[in-house]
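> Have a peek at run_31.tsv (TSV, C-alpha atoms).
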chain	number	residue	atom	x	y	z
A	82	MET	CA	-2.04	-3.93	-1.19
A	83	LYS	CA	-4.04	-1.07	-2.64
A	84	TYR	CA	-5.17	1.02	0.29
A	85	ASN	CA	-6.57	3.93	-1.76
A	86	GLU	CA	-10.15	2.76	-1.43
A	87	ILE	CA	-9.87	2.18	2.32
A	88	ILE	CA	-7.70	5.01	3.67
A	89	LYS	CA	-9.39	8.38	3.19
A	90	ILE	CA	-8.28	11.91	3.99
A	91	ASN	CA	-11.03	14.40	4.70
A	92	PRO	CA	-9.94	17.84	5.94
A	93	LEU	CA	-13.19	18.07	7.93
A	94	LYS	CA	-12.58	14.81	9.83
A	95	ARG	CA	-9.88	14.34	12.50
A	96	PHE	CA	-8.03	17.42	11.22
A	97	GLY	CA	-7.32	15.79	7.86
A	98	LYS	CA	-5.54	12.77	9.28
A	99	PRO	CA	-5.82	9.59	7.18
A	100	CYS	CA	-8.80	7.56	8.41
A	101	VAL	CA	-10.21	4.13	7.70
A	102	ARG	CA	-13.10	4.54	5.24
A	103	ASP	CA	-15.78	6.81	6.68
A	104	THR	CA	-14.91	6.11	10.32
A	105	ARG	CA	-13.08	8.47	12.64
A	106	ILE	CA	-10.44	5.78	13.27
A	107	THR	CA	-7.08	7.00	12.02
A	108	VAL	CA	-4.16	5.04	10.62
A	109	TYR	CA	-2.24	6.36	13.63
A	110	ASP	CA	-4.83	4.85	15.99
A	111	VAL	CA	-4.50	1.41	14.41
A	112	LEU	CA	-0.70	1.54	14.35
A	113	GLY	CA	-0.66	2.64	17.97
A	114	TRP	CA	-2.87	-0.25	19.04
A	115	LEU	CA	-0.66	-2.73	17.21
A	116	ALA	CA	2.49	-1.15	18.67
A	117	SER	CA	1.04	-1.35	22.19
A	118	GLY	CA	0.68	-5.11	21.78
A	119	MET	CA	-2.96	-5.50	20.77
A	120	SER	CA	-3.50	-8.36	18.37
A	121	VAL	CA	-5.48	-7.95	15.18
A	122	GLU	CA	-8.18	-10.10	16.74
A	123	GLU	CA	-8.39	-7.82	19.79
A	124	ILE	CA	-8.66	-4.72	17.60
A	125	LEU	CA	-11.40	-6.31	15.50
A	126	SER	CA	-13.25	-7.34	18.66
A	127	ASP	CA	-13.02	-3.85	20.18
A	128	PHE	CA	-13.83	-2.07	16.91
A	129	PRO	CA	-16.27	-4.22	14.93
A	130	GLU	CA	-16.53	-1.56	12.24
A	131	LEU	CA	-12.98	-2.50	11.19
A	132	THR	CA	-11.99	-5.48	9.09
A	133	ASP	CA	-8.76	-7.40	8.72
A	134	GLU	CA	-8.36	-5.73	5.32
A	135	ASP	CA	-8.65	-2.30	6.97
A	136	ILE	CA	-5.77	-3.10	9.31
A	137	LYS	CA	-3.65	-4.35	6.41
A	138	ALA	CA	-4.48	-1.14	4.52
A	139	CYS	CA	-3.20	0.91	7.48
A	140	LEU	CA	0.05	-1.05	7.50
A	141	SER	CA	0.40	-0.66	3.74
A	142	TYR	CA	-0.25	3.09	3.97
A	143	ALA	CA	2.37	3.48	6.70
A	144	ALA	CA	4.92	1.39	4.79
A	145	GLU	CA	4.48	3.48	1.66
A	146	ARG	CA	4.84	6.74	3.61
A	147	GLU	CA	8.04	5.42	5.20
A	148	HIS	CA	9.35	4.41	1.78
A	149	LYS	CA	8.64	7.89	0.41
A	150	LEU	CA	10.46	9.46	3.36
A	151	GLN	CA	13.53	7.30	2.68
A	152	ILE	CA	13.56	8.32	-0.98
A	153	SER	CA	13.31	12.04	-0.21
A	154	ILE	CA	16.28	12.04	2.22
Could you quickly redo this structure as structure tokens?

Amino acid sequence: MKYNEIIKINPLKRFGKPCVRDTRITVYDVLGWLASGMSVEEILSDFPELTDEDIKACLSYAAEREHKLQISI
């Protein structure tokens, strides 16, 4: 998945952490919710500004970062 149009980094928002579009919701927030056991449906219900595609973009972003870390070791 191409997450480049969904995940944005703005140094003036959330200290430059990667966020979903123009929201203040970070990739870390979404991953934390999923890791704590929230379902995608629960996240979308609690945060109607997010879409299923946004959550997939967060997962894709995290997977690519992990892949880059493995290559650099």
> Point out the residue among A:Ala143, A:Leu93, A:Ile88, A:Met119 with the least atom-to-atom distance to Ile106 in chain A, counting only C-alpha atoms.
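Closest to Ile106 in chain A of all the choices is A:Ile88.
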> Applying 12 Å and all atoms listed in the file, which residues near Phe128 in chain A remain after dropping the ones on its own chain fewer than 3 positions away? List them as a list of chain:residue names.
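Result of the neighbour search: A:Val101, A:Thr104, A:Arg105, A:Ile106, A:Asp110, A:Val111, A:Trp114, A:Val121, A:Glu122, A:Glu123, A:Ile124, A:Leu125, A:Leu131, A:Thr132, A:Asp133, A:Asp135, A:Ile136.
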> At what distance in Å, to one decimal, does CA of Val108 in chain A lie from CA of Leu140 in chain A?
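These atoms are spaced 8.0 Å apart.
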> Would you work out the distance separating CA of Glu134 in chain A from CA of Phe96 in chain A, expressed in Å to one decimal?
23.9 Å
> Rank nothing, just name the residue among A:Asp127, A:Cys139, A:Asp103, A:Glu147 nearest to Lys83 in chain A, using all atoms listed in the file.
A:Cys139
> Please report the interatomic distance between CA of Arg146 in chain A and CA of Pro129 in chain A in Å with one decimal.
26.3 Å
> Missing atoms in range 103-133 of chain A need filling: write out N, CA and C atoms for it as a short mmCIF file (atom, residue, chain, number, x, y, z; two decimals), in the coordinates of the input.

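Okay, this is what ended up in rebuild_6.cif:
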data_model
loop_
_atom_site.label_atom_id
_atom_site.label_comp_id
_atom_site.auth_asym_id
_atom_site.auth_seq_id
_atom_site.Cartn_x
_atom_site.Cartn_y
_atom_site.Cartn_z
N ASP A 103 -15.04 5.66 6.18
CA ASP A 103 -15.78 6.81 6.68
C ASP A 103 -15.83 6.86 8.20
N THR A 104 -14.96 6.09 8.86
CA THR A 104 -14.91 6.11 10.32
C THR A 104 -14.05 7.28 10.77
N ARG A 105 -13.98 7.48 12.06
CA ARG A 105 -13.08 8.47 12.64
C ARG A 105 -11.81 7.79 13.18
N ILE A 106 -11.62 6.53 12.83
CA ILE A 106 -10.44 5.78 13.27
C ILE A 106 -9.30 6.08 12.31
N THR A 107 -8.21 6.62 12.86
CA THR A 107 -7.08 7.00 12.02
C THR A 107 -6.09 5.85 11.85
N VAL A 108 -5.27 5.99 10.83
CA VAL A 108 -4.16 5.04 10.62
C VAL A 108 -3.29 5.05 11.87
N TYR A 109 -3.05 6.23 12.42
CA TYR A 109 -2.24 6.36 13.63
C TYR A 109 -2.84 5.57 14.79
N ASP A 110 -4.17 5.62 14.93
CA ASP A 110 -4.83 4.85 15.99
C ASP A 110 -4.51 3.37 15.85
N VAL A 111 -4.71 2.85 14.65
CA VAL A 111 -4.50 1.41 14.41
C VAL A 111 -3.05 1.03 14.65
N LEU A 112 -2.12 1.84 14.14
CA LEU A 112 -0.70 1.54 14.35
C LEU A 112 -0.35 1.59 15.83
N GLY A 113 -0.91 2.54 16.54
CA GLY A 113 -0.66 2.64 17.97
C GLY A 113 -1.16 1.43 18.73
N TRP A 114 -2.34 0.95 18.38
CA TRP A 114 -2.87 -0.25 19.04
C TRP A 114 -1.98 -1.45 18.78
N LEU A 115 -1.54 -1.61 17.54
CA LEU A 115 -0.66 -2.73 17.21
C LEU A 115 0.67 -2.60 17.96
N ALA A 116 1.21 -1.38 18.00
CA ALA A 116 2.49 -1.15 18.67
C ALA A 116 2.39 -1.39 20.18
N SER A 117 1.21 -1.16 20.75
CA SER A 117 1.04 -1.35 22.19
C SER A 117 0.86 -2.83 22.55
N GLY A 118 0.78 -3.68 21.53
CA GLY A 118 0.68 -5.11 21.78
C GLY A 118 -0.68 -5.73 21.52
N MET A 119 -1.65 -4.92 21.09
CA MET A 119 -2.96 -5.50 20.77
C MET A 119 -2.82 -6.39 19.54
N SER A 120 -3.49 -7.50 19.55
CA SER A 120 -3.50 -8.36 18.37
C SER A 120 -4.56 -7.86 17.40
N VAL A 121 -4.47 -8.30 16.18
CA VAL A 121 -5.48 -7.95 15.18
C VAL A 121 -6.85 -8.39 15.67
N GLU A 122 -6.92 -9.58 16.25
CA GLU A 122 -8.18 -10.10 16.74
C GLU A 122 -8.77 -9.21 17.84
N GLU A 123 -7.92 -8.71 18.73
CA GLU A 123 -8.39 -7.82 19.79
C GLU A 123 -8.92 -6.51 19.21
N ILE A 124 -8.22 -5.97 18.23
CA ILE A 124 -8.66 -4.72 17.60
C ILE A 124 -10.02 -4.94 16.93
N LEU A 125 -10.13 -6.04 16.19
CA LEU A 125 -11.40 -6.31 15.50
C LEU A 125 -12.53 -6.55 16.49
N SER A 126 -12.23 -7.12 17.63
CA SER A 126 -13.25 -7.34 18.66
C SER A 126 -13.69 -6.02 19.29
N ASP A 127 -12.72 -5.15 19.56
CA ASP A 127 -13.02 -3.85 20.18
C ASP A 127 -13.65 -2.86 19.21
N PHE A 128 -13.33 -3.00 17.93
CA PHE A 128 -13.83 -2.07 16.91
C PHE A 128 -14.43 -2.87 15.76
N PRO A 129 -15.66 -3.35 15.94
CA PRO A 129 -16.27 -4.22 14.93
C PRO A 129 -16.51 -3.56 13.58
N GLU A 130 -16.39 -2.24 13.52
CA GLU A 130 -16.53 -1.56 12.24
C GLU A 130 -15.29 -1.74 11.36
N LEU A 131 -14.20 -2.24 11.95
CA LEU A 131 -12.98 -2.50 11.19
C LEU A 131 -12.95 -3.94 10.69
N THR A 132 -12.20 -4.14 9.62
CA THR A 132 -11.99 -5.48 9.09
C THR A 132 -10.49 -5.77 9.06
N ASP A 133 -10.16 -7.01 8.86
CA ASP A 133 -8.76 -7.40 8.72
C ASP A 133 -8.12 -6.64 7.56
#
